[in-house]
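Participant: Here it is, the structure, as structure tokens.
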Amino acid sequence: MADSCRSVDDARVAFQSCKSPDAKERVQFYDSWAENYEKDHSLMSYRAPDLAVNHLSDHFTGNPEQALVLDVACGSGWVAKEMLELGFRHFVGVDGSKSMLEQAAKTGLYQDLRLALLGTQPLPAQTDTFDVVIIVGALDAGFVPVGVVRELCHAAKPGGLVCMARGEHSGTPANQYKKDLERELQLMEEEGLWSPVGIKQTDRYMEDPHLSAERAKDMQEERYIRGSVYLYKRSIH
Ligand SMILES: C[S@@+](CC[C@H](N)C(=O)[O-])C[C@H]1O[C@@H](n2cnc3c(N)ncnc32)[C@H](O)[C@@H]1O
């Protein structure tokens, strides 16, 4: 059961104990975190679903009520809840954590929820099918490998949008992941698979969960990490 009395310090401890470089161990950690996931992320001022969905909505030209959305690494269903506010109604979710999928099921928003450890297992989604493919908070070292972005692109309909939001955590693996990701995004553009619609950057993606509570207390803007929302349109051919 979710712990309604959780504090910022509890949230920091949870984030700081979630650092295995192995994706399978990471999703096992999410299995144990599922019930407190949203509370802990709110305590850390996590704004990624809101930022991603607003950037998407600024560029989405279809009828949201008819759009089919693939929410990759859907977690507890936070992204679908934000999209619902903007009129989207049809969601399929994928995640590697069974317990996170159970939380997502409780929202009642998903027509289908699929369990898959991405990078190890293929994306369980038909190609050329979705009006929107969205992934928030999972493109990072030890989470969803860079190569999966090609699968996201293939799952989108020709002309569909792919929206990817990530935070810029510190450390060598995170820096290397960002370089590899941006190289792959560029390569896919050169191959004619998609074209960039716009990148939105923010100074306040969330509070840096890896700062100690003591340090965070004395900091203002520096206690937030930056983040980016990448939006691409799948090519029509
Ligand atoms: C920070 S949460 C983001 C959840 C949701 N998108 C949100 O913004 O609230 C990261 C999610 O990615 C999932 N995840 C991490 N690595 C994964 C992988 N390799 N395959 C599938 N899911 C993965 C975790 O289980 C977790 O639910």
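Ordering of the structure tokens sets the chain letters (A, B, ...), residue numbers begin anew at 1 in every chain, and ligands are numbered from 1 in the order given.
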Extract, using only C-alpha atoms, all DNA, RNA and protein residues at most 10 Å from Val69 (chain A), discarding same-chain residues fewer than 3 positions from it, and format them as a list of chain:residue names.
Facilitator: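 So, after excluding close chain neighbours, the residues are A:Pro64, A:Gln66, A:Val72, A:Ala80, A:Met83, A:Phe88, A:Arg89, A:His90, A:Phe91, A:Val92, A:Gly93, A:Tyr110, A:Thr129, A:Phe130, A:Asp131, A:Val132, A:Val133, A:Ile134, A:Ala156, A:Gly160, A:Leu161, A:Val162.
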Participant: Take the residues that were just selected and, keeping N, CA, C and O atoms, output them as a short mmCIF file (atom, residue, chain, number, x, y, z; two decimals), in the first residue's frame.
Facilitator:
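The result, stored in selection11.cif:
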data_model
loop_
_atom_site.label_atom_id
_atom_site.label_comp_id
_atom_site.auth_asym_id
_atom_site.auth_seq_id
_atom_site.Cartn_x
_atom_site.Cartn_y
_atom_site.Cartn_z
N PRO A 64 -7.21 14.66 -31.33
CA PRO A 64 -6.67 13.82 -30.24
C PRO A 64 -7.63 12.70 -29.84
O PRO A 64 -7.17 11.62 -29.45
N GLN A 66 -9.26 10.76 -31.62
CA GLN A 66 -9.15 9.59 -32.48
C GLN A 66 -7.74 9.00 -32.52
O GLN A 66 -7.53 7.94 -33.10
N VAL A 72 5.46 4.31 -24.08
CA VAL A 72 6.54 3.36 -23.82
C VAL A 72 7.20 3.70 -22.49
O VAL A 72 7.46 4.87 -22.20
N ALA A 80 -0.34 9.18 -19.60
CA ALA A 80 -1.71 9.04 -20.14
C ALA A 80 -2.67 9.95 -19.38
O ALA A 80 -3.57 10.55 -19.98
N MET A 83 -2.23 13.30 -20.84
CA MET A 83 -2.75 13.38 -22.22
C MET A 83 -4.27 13.39 -22.24
O MET A 83 -4.88 14.01 -23.12
N PHE A 88 -6.81 13.25 -25.50
CA PHE A 88 -6.41 11.93 -26.01
C PHE A 88 -7.17 10.85 -25.21
O PHE A 88 -7.40 11.01 -24.01
N ARG A 89 -7.55 9.77 -25.91
CA ARG A 89 -8.43 8.77 -25.28
C ARG A 89 -7.95 7.32 -25.43
O ARG A 89 -8.45 6.45 -24.73
N HIS A 90 -7.06 7.08 -26.41
CA HIS A 90 -6.75 5.68 -26.75
C HIS A 90 -5.26 5.41 -26.50
O HIS A 90 -4.41 5.95 -27.22
N PHE A 91 -5.01 4.58 -25.49
CA PHE A 91 -3.62 4.35 -25.07
C PHE A 91 -3.28 2.86 -25.01
O PHE A 91 -4.08 2.06 -24.52
N VAL A 92 -2.07 2.56 -25.47
CA VAL A 92 -1.47 1.24 -25.24
C VAL A 92 -0.19 1.53 -24.45
O VAL A 92 0.56 2.45 -24.80
N GLY A 93 0.05 0.77 -23.37
CA GLY A 93 1.24 1.00 -22.55
C GLY A 93 2.18 -0.19 -22.57
O GLY A 93 1.74 -1.34 -22.70
N TYR A 110 -5.83 2.55 -20.23
CA TYR A 110 -5.12 1.82 -21.30
C TYR A 110 -5.98 0.70 -21.86
O TYR A 110 -6.52 -0.11 -21.10
N THR A 129 1.71 1.93 -36.93
CA THR A 129 0.38 1.84 -36.33
C THR A 129 -0.05 3.07 -35.52
O THR A 129 -1.21 3.44 -35.54
N PHE A 130 0.86 3.71 -34.80
CA PHE A 130 0.46 4.68 -33.78
C PHE A 130 0.56 6.14 -34.29
O PHE A 130 1.53 6.49 -34.95
N ASP A 131 -0.43 6.94 -33.93
CA ASP A 131 -0.39 8.36 -34.28
C ASP A 131 0.66 9.07 -33.44
O ASP A 131 1.28 10.05 -33.90
N VAL A 132 0.83 8.60 -32.21
CA VAL A 132 1.83 9.19 -31.30
C VAL A 132 2.53 8.06 -30.56
O VAL A 132 1.89 7.13 -30.05
N VAL A 133 3.87 8.13 -30.52
CA VAL A 133 4.66 7.24 -29.66
C VAL A 133 5.37 8.16 -28.68
O VAL A 133 6.00 9.15 -29.09
N ILE A 134 5.25 7.87 -27.39
CA ILE A 134 5.83 8.77 -26.39
C ILE A 134 6.61 7.96 -25.36
O ILE A 134 6.17 6.87 -24.96
N ALA A 156 5.48 4.10 -35.05
CA ALA A 156 4.64 5.24 -35.46
C ALA A 156 4.15 5.05 -36.88
O ALA A 156 4.81 4.44 -37.72
N GLY A 160 3.26 10.10 -38.26
CA GLY A 160 3.01 10.12 -36.81
C GLY A 160 4.16 10.80 -36.05
O GLY A 160 5.24 11.00 -36.60
N LEU A 161 3.88 11.15 -34.79
CA LEU A 161 4.89 11.87 -33.99
C LEU A 161 5.53 10.95 -32.95
O LEU A 161 4.86 10.08 -32.38
N VAL A 162 6.82 11.14 -32.73
CA VAL A 162 7.54 10.42 -31.68
C VAL A 162 8.08 11.47 -30.71
O VAL A 162 8.83 12.37 -31.11
#
Participant: Which residues are near ligand 1 in this structure, taking near to mean any atom at most 9 Å from a ligand atom and counting only C-alpha atoms and all ligand atoms? Format them as a VMD selection string.
Facilitator: chain A and resid 22 to 24 26 to 31 34 37 to 38 41 46 to 50 71 to 80 94 to 101 115 to 121 123 134 to 140 142 to 145 165
Participant: Using only C-alpha atoms for the distances, tell me which of A:Met164, A:Pro124, A:Leu86, A:Ala213 is nearest to Ser7 (chain A).
Facilitator: A:Ala213
Participant: Please identify all polymer residues within 8 Å of region 224-236 of chain A, counting only C-alpha atoms, omitting same-chain residues fewer than 3 positions from it, and present them as number ranges by chain.
Facilitator: A: 51-52, 55-56, 153, 156-169, 192-208, 221
Participant: Nearest to Arg114 (chain A): which of A:Gly62, A:Leu70, A:Val149, A:Leu84 is it, counting only C-alpha atoms?
Facilitator: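 Nearest to Arg114 (chain A): A:Leu70.
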Participant: With only C-alpha atoms as the atoms that count, which of A:Met219, A:Val13, A:Arg150, A:Gln111 lies nearest to Leu187 (chain A)?
Facilitator: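 Of the candidates, the smallest distance to Leu187 (chain A) is held by A:Arg150.
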Participant: Work out how far CA of Ala11 (chain A) is from CA of Asp218 (chain A), in Å to one decimal.
Facilitator: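 Result for CA of Asp218 (chain A) versus CA of Ala11 (chain A): 18.0 Å, one decimal.
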Participant: With distances taken over only C-alpha atoms, which residue among A:Val8, A:Ser170, A:Val146, A:Cys18 lies nearest Glu184 (chain A)?
Facilitator: A:Val146
Participant: Can you check which residues of chain A DSSP gives as helix (DSSP H, G or I) on the backbone and send them as a VMD selection string?
Facilitator: chain A and resid 8 to 16 23 to 43 48 to 59 64 to 66 78 to 85 98 to 106 148 to 155 172 to 190 213 to 217 221 to 223
Participant: Which residues in chain A does DSSP call strand (DSSP E or B)? List them as a PyMOL selection string.
Facilitator: chain A and resi 68-72+90-95+110-115+118+121+130-136+156-167+194-207+224-234
